[in-house]
$ cat model.txt   # compact mmCIF, C-alpha atoms
# COMPACT_ATOMS: atom_id res chain seq x y z
CA MET A 1 -127.55 -107.92 -60.38
CA ILE A 2 -124.40 -107.41 -62.47
CA VAL A 3 -121.55 -109.45 -61.00
CA VAL A 4 -117.95 -108.34 -61.52
CA ARG A 5 -115.44 -111.18 -61.78
CA LEU A 6 -112.34 -108.99 -61.55
CA ASP A 7 -110.95 -110.96 -58.60
CA ASP A 8 -111.04 -114.23 -60.56
CA LEU A 9 -109.43 -112.70 -63.65
CA LEU A 10 -106.64 -111.10 -61.58
CA TYR A 11 -106.01 -114.39 -59.77
CA GLU A 12 -105.77 -116.34 -63.03
CA ARG A 13 -103.22 -113.87 -64.35
CA ARG A 14 -101.34 -113.58 -61.06
CA MET A 15 -101.84 -109.84 -61.12
CA THR A 16 -102.57 -107.52 -58.20
CA LEU A 17 -105.14 -104.72 -58.24
CA THR A 18 -102.33 -102.19 -57.87
CA GLU A 19 -100.54 -103.54 -60.94
CA LEU A 20 -103.74 -103.45 -62.96
CA ALA A 21 -104.44 -99.88 -61.80
CA ALA A 22 -101.01 -98.75 -63.00
CA ARG A 23 -101.44 -100.43 -66.38
CA VAL A 24 -104.97 -99.18 -67.13
CA ASP A 25 -104.36 -95.71 -65.65
CA ILE A 26 -107.32 -95.93 -63.27
CA THR A 27 -106.96 -95.32 -59.56
CA VAL A 28 -106.79 -98.25 -57.16
CA ALA A 29 -109.76 -96.70 -55.33
CA ASN A 30 -111.96 -96.82 -58.44
CA LEU A 31 -110.88 -100.35 -59.32
CA SER A 32 -111.62 -101.38 -55.76
CA ILE A 33 -115.14 -99.91 -56.11
CA LEU A 34 -115.56 -102.02 -59.24
CA LYS A 35 -114.10 -105.15 -57.66
CA THR A 36 -116.32 -105.02 -54.59
CA GLY A 37 -119.49 -104.55 -56.65
CA LYS A 38 -120.13 -101.02 -55.42
CA ALA A 39 -119.85 -99.37 -58.83
CA LYS A 40 -123.10 -98.05 -60.28
CA ALA A 41 -121.79 -97.69 -63.83
CA ILE A 42 -118.70 -98.38 -65.89
CA ARG A 43 -117.48 -96.30 -68.80
CA PHE A 44 -116.75 -98.10 -72.07
CA SER A 45 -113.25 -96.61 -71.95
CA THR A 46 -112.65 -98.25 -68.54
CA LEU A 47 -114.04 -101.58 -69.77
CA GLU A 48 -111.88 -101.42 -72.89
CA ALA A 49 -108.73 -100.62 -70.90
CA ILE A 50 -109.29 -103.51 -68.45
CA CYS A 51 -110.07 -106.01 -71.22
CA ALA A 52 -107.00 -104.92 -73.19
CA VAL A 53 -104.66 -105.44 -70.21
CA LEU A 54 -106.26 -108.67 -68.99
CA GLY A 55 -106.74 -110.06 -72.48
CA CYS A 56 -110.40 -110.86 -71.90
CA GLN A 57 -113.88 -110.08 -73.22
CA PRO A 58 -116.43 -107.87 -71.39
CA GLY A 59 -118.48 -111.01 -70.81
CA ASP A 60 -115.54 -112.55 -68.93
CA LEU A 61 -115.46 -109.58 -66.60
CA LEU A 62 -119.20 -108.91 -66.19
CA ALA A 63 -122.11 -111.30 -65.78
CA TYR A 64 -125.77 -110.98 -64.95
CA ASP A 65 -126.93 -113.07 -61.99
CA PRO A 66 -130.66 -112.73 -61.22
CA SER A 67 -130.30 -114.70 -58.00
CA VAL A 68 -128.16 -111.94 -56.43
CA GLY A 69 -130.18 -108.95 -55.14
CA SER A 70 -129.58 -105.49 -56.63
CA GLU A 71 -128.54 -102.49 -54.51
CA PRO A 72 -131.37 -99.95 -53.98
CA MET B 1 -112.97 -72.11 -65.83
CA THR B 2 -112.24 -68.71 -67.40
CA ARG B 3 -109.58 -66.46 -65.97
CA THR B 4 -112.21 -63.90 -64.97
CA SER B 5 -114.30 -66.43 -63.06
CA ALA B 6 -111.20 -67.85 -61.34
CA GLN B 7 -110.15 -64.35 -60.28
CA SER B 8 -113.69 -63.58 -59.12
CA LEU B 9 -113.76 -66.69 -56.95
CA ALA B 10 -110.40 -65.80 -55.44
CA ILE B 11 -111.66 -62.44 -54.18
CA ALA B 12 -115.20 -63.60 -53.41
CA ARG B 13 -114.52 -64.89 -49.90
CA PRO B 14 -112.73 -61.80 -48.53
CA ALA B 15 -115.20 -59.53 -50.35
CA ILE B 16 -118.21 -61.29 -48.81
CA ARG B 17 -116.61 -61.17 -45.36
CA LEU B 18 -115.97 -57.44 -45.77
CA LEU B 19 -119.56 -56.84 -46.90
CA THR B 20 -120.80 -58.81 -43.89
CA VAL B 21 -118.85 -56.55 -41.55
CA LEU B 22 -119.98 -53.38 -43.36
CA ASN B 23 -123.59 -54.56 -43.25
CA ALA B 24 -123.34 -55.24 -39.53
CA LEU B 25 -121.79 -51.79 -38.98
CA TYR B 26 -124.59 -50.20 -41.02
CA ALA B 27 -127.20 -51.97 -38.89
CA LEU B 28 -125.45 -50.88 -35.68
CA VAL B 29 -125.26 -47.26 -36.82
CA ILE B 30 -128.87 -46.92 -37.93
CA GLY B 31 -130.04 -48.89 -34.90
CA GLY B 32 -128.09 -46.52 -32.72
CA LEU B 33 -129.57 -43.51 -34.51
CA LEU B 34 -133.05 -44.95 -34.04
CA ILE B 35 -132.54 -45.27 -30.29
CA TRP B 36 -130.87 -41.85 -30.13
CA SER B 37 -133.88 -40.26 -31.90
CA PHE B 38 -136.02 -40.95 -28.84
CA PHE B 39 -133.72 -38.87 -26.66
CA ILE B 40 -133.10 -35.91 -28.95
CA PRO B 41 -135.33 -32.91 -28.17
CA ASP B 42 -137.48 -31.66 -31.02
CA TRP B 43 -136.66 -34.63 -33.28
CA PRO B 44 -136.62 -34.69 -36.32
CA TYR B 45 -137.21 -31.04 -36.96
CA ARG B 46 -134.22 -29.44 -35.27
CA PRO B 47 -131.50 -32.14 -35.69
CA LEU B 48 -132.40 -32.84 -39.36
CA GLY B 49 -133.29 -29.28 -40.28
CA PHE B 50 -136.92 -29.83 -41.26
CA ASP B 51 -139.35 -26.96 -41.43
CA THR B 52 -141.71 -27.42 -38.49
CA VAL B 53 -144.49 -25.52 -40.22
CA ASN B 54 -144.56 -27.36 -43.56
CA ALA B 55 -143.38 -30.78 -42.43
CA HIS B 56 -145.77 -33.73 -42.35
CA PRO B 57 -147.10 -34.36 -38.82
CA MET B 58 -146.04 -38.03 -39.06
CA LEU B 59 -142.54 -37.21 -40.29
CA GLY B 60 -140.77 -38.37 -37.15
CA GLY B 61 -142.67 -41.64 -36.94
CA GLY B 62 -142.28 -42.21 -40.66
CA LEU B 63 -138.51 -41.76 -40.55
CA ARG B 64 -138.26 -44.11 -37.58
CA LEU B 65 -140.36 -46.69 -39.48
CA ILE B 66 -137.99 -46.36 -42.45
CA VAL B 67 -135.06 -47.12 -40.13
CA VAL B 68 -136.87 -50.18 -38.74
CA PHE B 69 -137.35 -51.45 -42.28
CA GLY B 70 -133.71 -50.66 -42.92
CA LEU B 71 -132.73 -52.87 -39.98
CA LEU B 72 -134.94 -55.63 -41.36
CA GLY B 73 -133.22 -55.18 -44.70
CA ALA B 74 -129.80 -55.48 -43.06
CA GLY B 75 -130.91 -58.76 -41.50
CA ILE B 76 -132.00 -60.06 -44.90
CA VAL B 77 -128.69 -58.94 -46.44
CA HIS B 78 -126.85 -60.85 -43.70
CA THR B 79 -128.66 -64.08 -44.60
CA ILE B 80 -127.88 -63.51 -48.30
CA LEU B 81 -124.17 -63.02 -47.58
CA ARG B 82 -124.04 -66.07 -45.31
CA ARG B 83 -125.61 -68.30 -47.96
CA LEU B 84 -123.40 -66.83 -50.68
CA LEU B 85 -120.31 -67.61 -48.60
CA ALA B 86 -121.48 -71.20 -48.17
CA ILE B 87 -121.88 -71.51 -51.97
CA VAL B 88 -118.41 -70.06 -52.60
CA ASP B 89 -116.96 -72.56 -50.10
CA THR B 90 -118.45 -75.47 -52.02
CA VAL B 91 -116.86 -74.17 -55.23
CA SER B 92 -113.50 -73.90 -53.48
CA GLY B 93 -114.05 -77.42 -52.14
CA GLY B 94 -114.49 -78.67 -55.70
CA ASP B 95 -118.08 -79.85 -55.35
CA PRO B 96 -120.59 -77.03 -56.01
CA PHE B 97 -123.29 -79.03 -57.77
CA ILE B 98 -125.15 -80.16 -54.69
CA ILE B 99 -128.87 -79.80 -54.09
CA GLU B 100 -128.12 -77.65 -51.04
CA ASN B 101 -126.69 -74.91 -53.29
CA SER B 102 -129.87 -74.93 -55.34
CA ARG B 103 -131.87 -74.41 -52.15
CA ARG B 104 -129.50 -71.61 -51.08
CA LEU B 105 -129.96 -69.83 -54.42
CA VAL B 106 -133.74 -70.09 -54.15
CA ALA B 107 -133.55 -68.63 -50.65
CA ILE B 108 -131.29 -65.82 -51.90
CA ALA B 109 -133.72 -65.10 -54.74
CA TRP B 110 -136.64 -64.77 -52.32
CA SER B 111 -134.47 -62.60 -50.05
CA VAL B 112 -133.59 -60.21 -52.90
CA LEU B 113 -137.28 -60.08 -53.79
CA ALA B 114 -138.08 -59.24 -50.16
CA LEU B 115 -135.47 -56.45 -50.23
CA GLU B 116 -137.10 -54.94 -53.31
CA VAL B 117 -140.51 -55.10 -51.64
CA LEU B 118 -138.98 -53.36 -48.61
CA ARG B 119 -137.55 -50.71 -50.93
CA LEU B 120 -141.01 -50.08 -52.38
CA ILE B 121 -142.49 -49.79 -48.89
CA ILE B 122 -139.73 -47.42 -47.74
CA ALA B 123 -140.13 -45.29 -50.86
CA GLY B 124 -143.87 -45.18 -50.24
CA ILE B 125 -143.42 -44.03 -46.64
CA ALA B 126 -140.88 -41.39 -47.70
CA ALA B 127 -143.24 -40.16 -50.42
CA VAL B 128 -146.02 -39.66 -47.87
CA VAL B 129 -144.16 -38.13 -44.91
CA TRP B 130 -141.21 -36.52 -46.65
CA GLU B 131 -141.03 -35.88 -50.37
CA PRO B 132 -142.23 -37.93 -53.37
CA GLY B 133 -139.32 -39.34 -55.32
CA ARG B 134 -136.90 -38.76 -52.45
CA ILE B 135 -136.05 -42.45 -52.39
CA ASP B 136 -136.03 -44.37 -55.68
CA ALA B 137 -138.87 -46.85 -55.63
CA PHE B 138 -138.20 -49.00 -58.64
CA SER B 139 -135.04 -50.25 -60.28
CA PHE B 140 -135.11 -52.86 -63.03
CA ALA B 141 -131.77 -54.52 -62.27
CA PRO B 142 -132.68 -56.13 -58.90
CA TRP B 143 -135.87 -57.66 -60.34
CA LEU B 144 -133.81 -59.08 -63.20
CA ALA B 145 -131.37 -60.41 -60.60
CA VAL B 146 -134.26 -62.20 -58.84
CA LEU B 147 -135.20 -63.91 -62.10
CA LEU B 148 -131.57 -64.79 -62.78
CA LEU B 149 -131.19 -66.32 -59.31
CA PHE B 150 -134.25 -68.55 -59.75
CA VAL B 151 -132.88 -69.72 -63.11
CA LEU B 152 -129.46 -70.40 -61.55
CA ALA B 153 -131.11 -72.40 -58.78
CA GLY B 154 -132.71 -74.58 -61.46
CA VAL B 155 -129.36 -75.01 -63.18
CA PHE B 156 -127.72 -76.10 -59.92
CA ALA B 157 -130.55 -78.53 -59.17
CA HIS B 158 -130.12 -80.12 -62.59
CA GLY B 159 -126.36 -80.21 -62.10
CA ALA B 160 -126.80 -81.94 -58.74
CA ARG B 161 -129.01 -84.59 -60.37
CA MET B 162 -126.45 -85.14 -63.13
CA ARG B 163 -123.69 -85.40 -60.57
CA ALA B 164 -125.67 -87.93 -58.55
CA ASP B 165 -126.11 -89.99 -61.71
CA LEU B 166 -122.34 -90.07 -62.18
CA GLU B 167 -121.59 -91.07 -58.63
CA GLY B 168 -120.22 -94.60 -58.49
CA THR B 169 -119.16 -94.55 -62.15
CA VAL B 170 -115.70 -95.97 -62.84
$ encode --input "model.txt" --output "structure tokens"
Amino acid sequence: MIVVRLDDLLYERRMTLTELAARVDITVANLSILKTGKAKAIRFSTLEAICAVLGCQPGDLLAYDPSVGSEP
Amino acid sequence: MTRTSAQSLAIARPAIRLLTVLNALYALVIGGLLIWSFFIPDWPYRPLGFDTVNAHPMLGGGLRLIVVFGLLGAGIVHTILRRLLAIVDTVSGGDPFIIENSRRLVAIAWSVLALEVLRLIIAGIAAVVWEPGRIDAFSFAPWLAVLLLFVLAGVFAHGARMRADLEGTV
């Protein structure tokens, strides 16, 4: 399963989800879907916007963990 | 969305509701006439002005059968209008590409096909008991509409699958 480490990155930067949403121009609802692992896909434009604001690489945000089960 | 399609959608709901009422009125009137025909003396010759000598012996029964098929047709039209209204509501709601709309369009296509079959039957009855060519049997446009509706149903089904693919995308 693809794991999203958005919580960790936000914590390290002392940023809230609402602040990130305002800066990347994505709704809090959509970012929340991403944060809680309920997203089925992410657009490159979304990934680019988040990485630009958080100053990270896609690999910092996303990771593959085979030990965690995938959603059906 | 083009201006024409936006305008069409705006008037679709009231237009469909009006057609539903008119269809129901039509069914009530012809149903009433059907019942009335059993109480009118010398029907159909005197009230409809048919020549009793030259008229087909099954004229009265044939005309009543046409009315029965007309009532059946009104019932089919009602189901078409109901499904069409449901589709229009999903467009107004902003989410028309659902598999349910594809199913509704398929059902509407079969209903229009059934109406055309009814028309052929009615024209056949009229040709036998009344006068050949009195009621138009065949018109190309409704058959083309049936084909168009089946194609549209396929388009909506594909759209629903594409929409489902996008669900959960951020």
$ closest_residue --input "model.txt" --among "B:Val170, B:Ala157, B:Leu65, B:Ile30" --to "Ile33 in chain A" --atoms "all atoms listed in the file"
B:Val170
$ residues_around --input "model.txt" --residues "range 58-68 of chain A" --least-positions-apart "3" --cutoff "8 Å" --atoms "only C-alpha atoms" --output "short mmCIF file (atom, residue, chain, number, x, y, z; two decimals) with C-alpha atoms, in the frame of the given file"
data_model
loop_
_atom_site.label_atom_id
_atom_site.label_comp_id
_atom_site.auth_asym_id
_atom_site.auth_seq_id
_atom_site.Cartn_x
_atom_site.Cartn_y
_atom_site.Cartn_z
CA MET A 1 -127.55 -107.92 -60.38
CA ILE A 2 -124.40 -107.41 -62.47
CA VAL A 3 -121.55 -109.45 -61.00
CA VAL A 4 -117.95 -108.34 -61.52
CA ARG A 5 -115.44 -111.18 -61.78
CA LEU A 6 -112.34 -108.99 -61.55
CA LEU A 9 -109.43 -112.70 -63.65
CA LEU A 47 -114.04 -101.58 -69.77
CA CYS A 51 -110.07 -106.01 -71.22
#
$ atom_distance --input "model.txt" --atom1 "CA of Trp143 in chain B" --atom2 "CA of Gly70 in chain B"
18.9 Å
$ interface_residues --input "model.txt" --of "chain B" --to "chain A" --cutoff "9 Å" --atoms "only C-alpha atoms" --output "PyMOL selection string"
chain B and resi 165-170
$ residues_around --input "model.txt" --residues "Ala55 in chain B" --least-positions-apart "2" --cutoff "10 Å" --atoms "all atoms listed in the file" --output "PyMOL selection string"
chain B and resi 44-45+50-53+57-60+129-131
$ write_last_selection --input "model.txt" --atoms "C-alpha atoms" --output "PDB file, keeping the file's coordinate frame"
ATOM      1  CA  PRO B  44    -136.620 -34.690 -36.320  1.00  0.00           C
ATOM      2  CA  TYR B  45    -137.210 -31.040 -36.960  1.00  0.00           C
ATOM      3  CA  PHE B  50    -136.920 -29.830 -41.260  1.00  0.00           C
ATOM      4  CA  ASP B  51    -139.350 -26.960 -41.430  1.00  0.00           C
ATOM      5  CA  THR B  52    -141.710 -27.420 -38.490  1.00  0.00           C
ATOM      6  CA  VAL B  53    -144.490 -25.520 -40.220  1.00  0.00           C
ATOM      7  CA  PRO B  57    -147.100 -34.360 -38.820  1.00  0.00           C
ATOM      8  CA  MET B  58    -146.040 -38.030 -39.060  1.00  0.00           C
ATOM      9  CA  LEU B  59    -142.540 -37.210 -40.290  1.00  0.00           C
ATOM     10  CA  GLY B  60    -140.770 -38.370 -37.150  1.00  0.00           C
ATOM     11  CA  VAL B 129    -144.160 -38.130 -44.910  1.00  0.00           C
ATOM     12  CA  TRP B 130    -141.210 -36.520 -46.650  1.00  0.00           C
ATOM     13  CA  GLU B 131    -141.030 -35.880 -50.370  1.00  0.00           C
TER      14      GLU B 131
END
$ build_atoms --input "model.txt" --residues "range 143-154 of chain B" --atoms "all heavy atoms" --output "compact mmCIF listing (two decimals), in the coordinates of the input"
# COMPACT_ATOMS: atom_id res chain seq x y z
N TRP B 143 -134.81 -56.71 -59.95
CA TRP B 143 -135.87 -57.66 -60.34
C TRP B 143 -135.33 -58.66 -61.35
O TRP B 143 -135.68 -59.85 -61.33
CB TRP B 143 -137.08 -56.90 -60.90
CG TRP B 143 -137.77 -56.09 -59.85
CD1 TRP B 143 -137.60 -54.76 -59.60
CD2 TRP B 143 -138.70 -56.57 -58.88
NE1 TRP B 143 -138.37 -54.38 -58.52
CE2 TRP B 143 -139.06 -55.46 -58.07
CE3 TRP B 143 -139.28 -57.80 -58.61
CZ2 TRP B 143 -139.97 -55.56 -57.01
CZ3 TRP B 143 -140.18 -57.91 -57.57
CH2 TRP B 143 -140.52 -56.79 -56.78
N LEU B 144 -134.47 -58.18 -62.24
CA LEU B 144 -133.81 -59.08 -63.20
C LEU B 144 -132.90 -60.05 -62.46
O LEU B 144 -132.82 -61.24 -62.81
CB LEU B 144 -132.99 -58.26 -64.20
CG LEU B 144 -132.46 -58.98 -65.43
CD1 LEU B 144 -133.58 -59.58 -66.24
CD2 LEU B 144 -131.64 -58.02 -66.29
N ALA B 145 -132.24 -59.55 -61.41
CA ALA B 145 -131.37 -60.41 -60.60
C ALA B 145 -132.18 -61.51 -59.92
O ALA B 145 -131.71 -62.65 -59.81
CB ALA B 145 -130.63 -59.58 -59.55
N VAL B 146 -133.40 -61.20 -59.47
CA VAL B 146 -134.26 -62.20 -58.84
C VAL B 146 -134.55 -63.33 -59.83
O VAL B 146 -134.43 -64.51 -59.52
CB VAL B 146 -135.58 -61.57 -58.34
CG1 VAL B 146 -136.57 -62.64 -57.93
CG2 VAL B 146 -135.31 -60.63 -57.18
N LEU B 147 -134.92 -62.92 -61.06
CA LEU B 147 -135.20 -63.91 -62.10
C LEU B 147 -133.97 -64.76 -62.38
O LEU B 147 -134.04 -65.99 -62.46
CB LEU B 147 -135.65 -63.19 -63.37
CG LEU B 147 -136.03 -64.07 -64.56
CD1 LEU B 147 -137.23 -64.94 -64.22
CD2 LEU B 147 -136.34 -63.20 -65.77
N LEU B 148 -132.83 -64.09 -62.49
CA LEU B 148 -131.57 -64.79 -62.78
C LEU B 148 -131.24 -65.81 -61.68
O LEU B 148 -130.80 -66.93 -61.95
CB LEU B 148 -130.45 -63.75 -62.89
CG LEU B 148 -129.04 -64.28 -63.14
CD1 LEU B 148 -128.95 -64.94 -64.50
CD2 LEU B 148 -128.01 -63.15 -63.06
N LEU B 149 -131.48 -65.42 -60.43
CA LEU B 149 -131.19 -66.32 -59.31
C LEU B 149 -132.08 -67.56 -59.33
O LEU B 149 -131.62 -68.66 -59.04
CB LEU B 149 -131.37 -65.57 -57.98
CG LEU B 149 -130.25 -64.60 -57.64
CD1 LEU B 149 -130.68 -63.62 -56.56
CD2 LEU B 149 -128.99 -65.34 -57.22
N PHE B 150 -133.36 -67.39 -59.67
CA PHE B 150 -134.25 -68.55 -59.75
C PHE B 150 -133.80 -69.49 -60.88
O PHE B 150 -133.83 -70.72 -60.74
CB PHE B 150 -135.71 -68.11 -59.96
CG PHE B 150 -136.41 -67.73 -58.69
CD1 PHE B 150 -136.89 -66.44 -58.51
CD2 PHE B 150 -136.61 -68.66 -57.68
CE1 PHE B 150 -137.54 -66.08 -57.34
CE2 PHE B 150 -137.26 -68.31 -56.50
CZ PHE B 150 -137.72 -67.02 -56.33
N VAL B 151 -133.37 -68.90 -61.99
CA VAL B 151 -132.88 -69.72 -63.11
C VAL B 151 -131.61 -70.47 -62.69
O VAL B 151 -131.47 -71.67 -62.94
CB VAL B 151 -132.61 -68.83 -64.35
CG1 VAL B 151 -131.83 -69.61 -65.40
CG2 VAL B 151 -133.90 -68.31 -64.93
N LEU B 152 -130.70 -69.76 -62.02
CA LEU B 152 -129.46 -70.40 -61.55
C LEU B 152 -129.75 -71.55 -60.59
O LEU B 152 -129.07 -72.58 -60.60
CB LEU B 152 -128.59 -69.37 -60.85
CG LEU B 152 -127.49 -68.72 -61.68
CD1 LEU B 152 -126.74 -67.70 -60.85
CD2 LEU B 152 -126.52 -69.74 -62.22
N ALA B 153 -130.74 -71.35 -59.73
CA ALA B 153 -131.11 -72.40 -58.78
C ALA B 153 -131.55 -73.66 -59.54
O ALA B 153 -131.20 -74.78 -59.16
CB ALA B 153 -132.24 -71.92 -57.86
N GLY B 154 -132.29 -73.46 -60.63
CA GLY B 154 -132.71 -74.58 -61.46
C GLY B 154 -131.52 -75.26 -62.11
O GLY B 154 -131.47 -76.50 -62.19
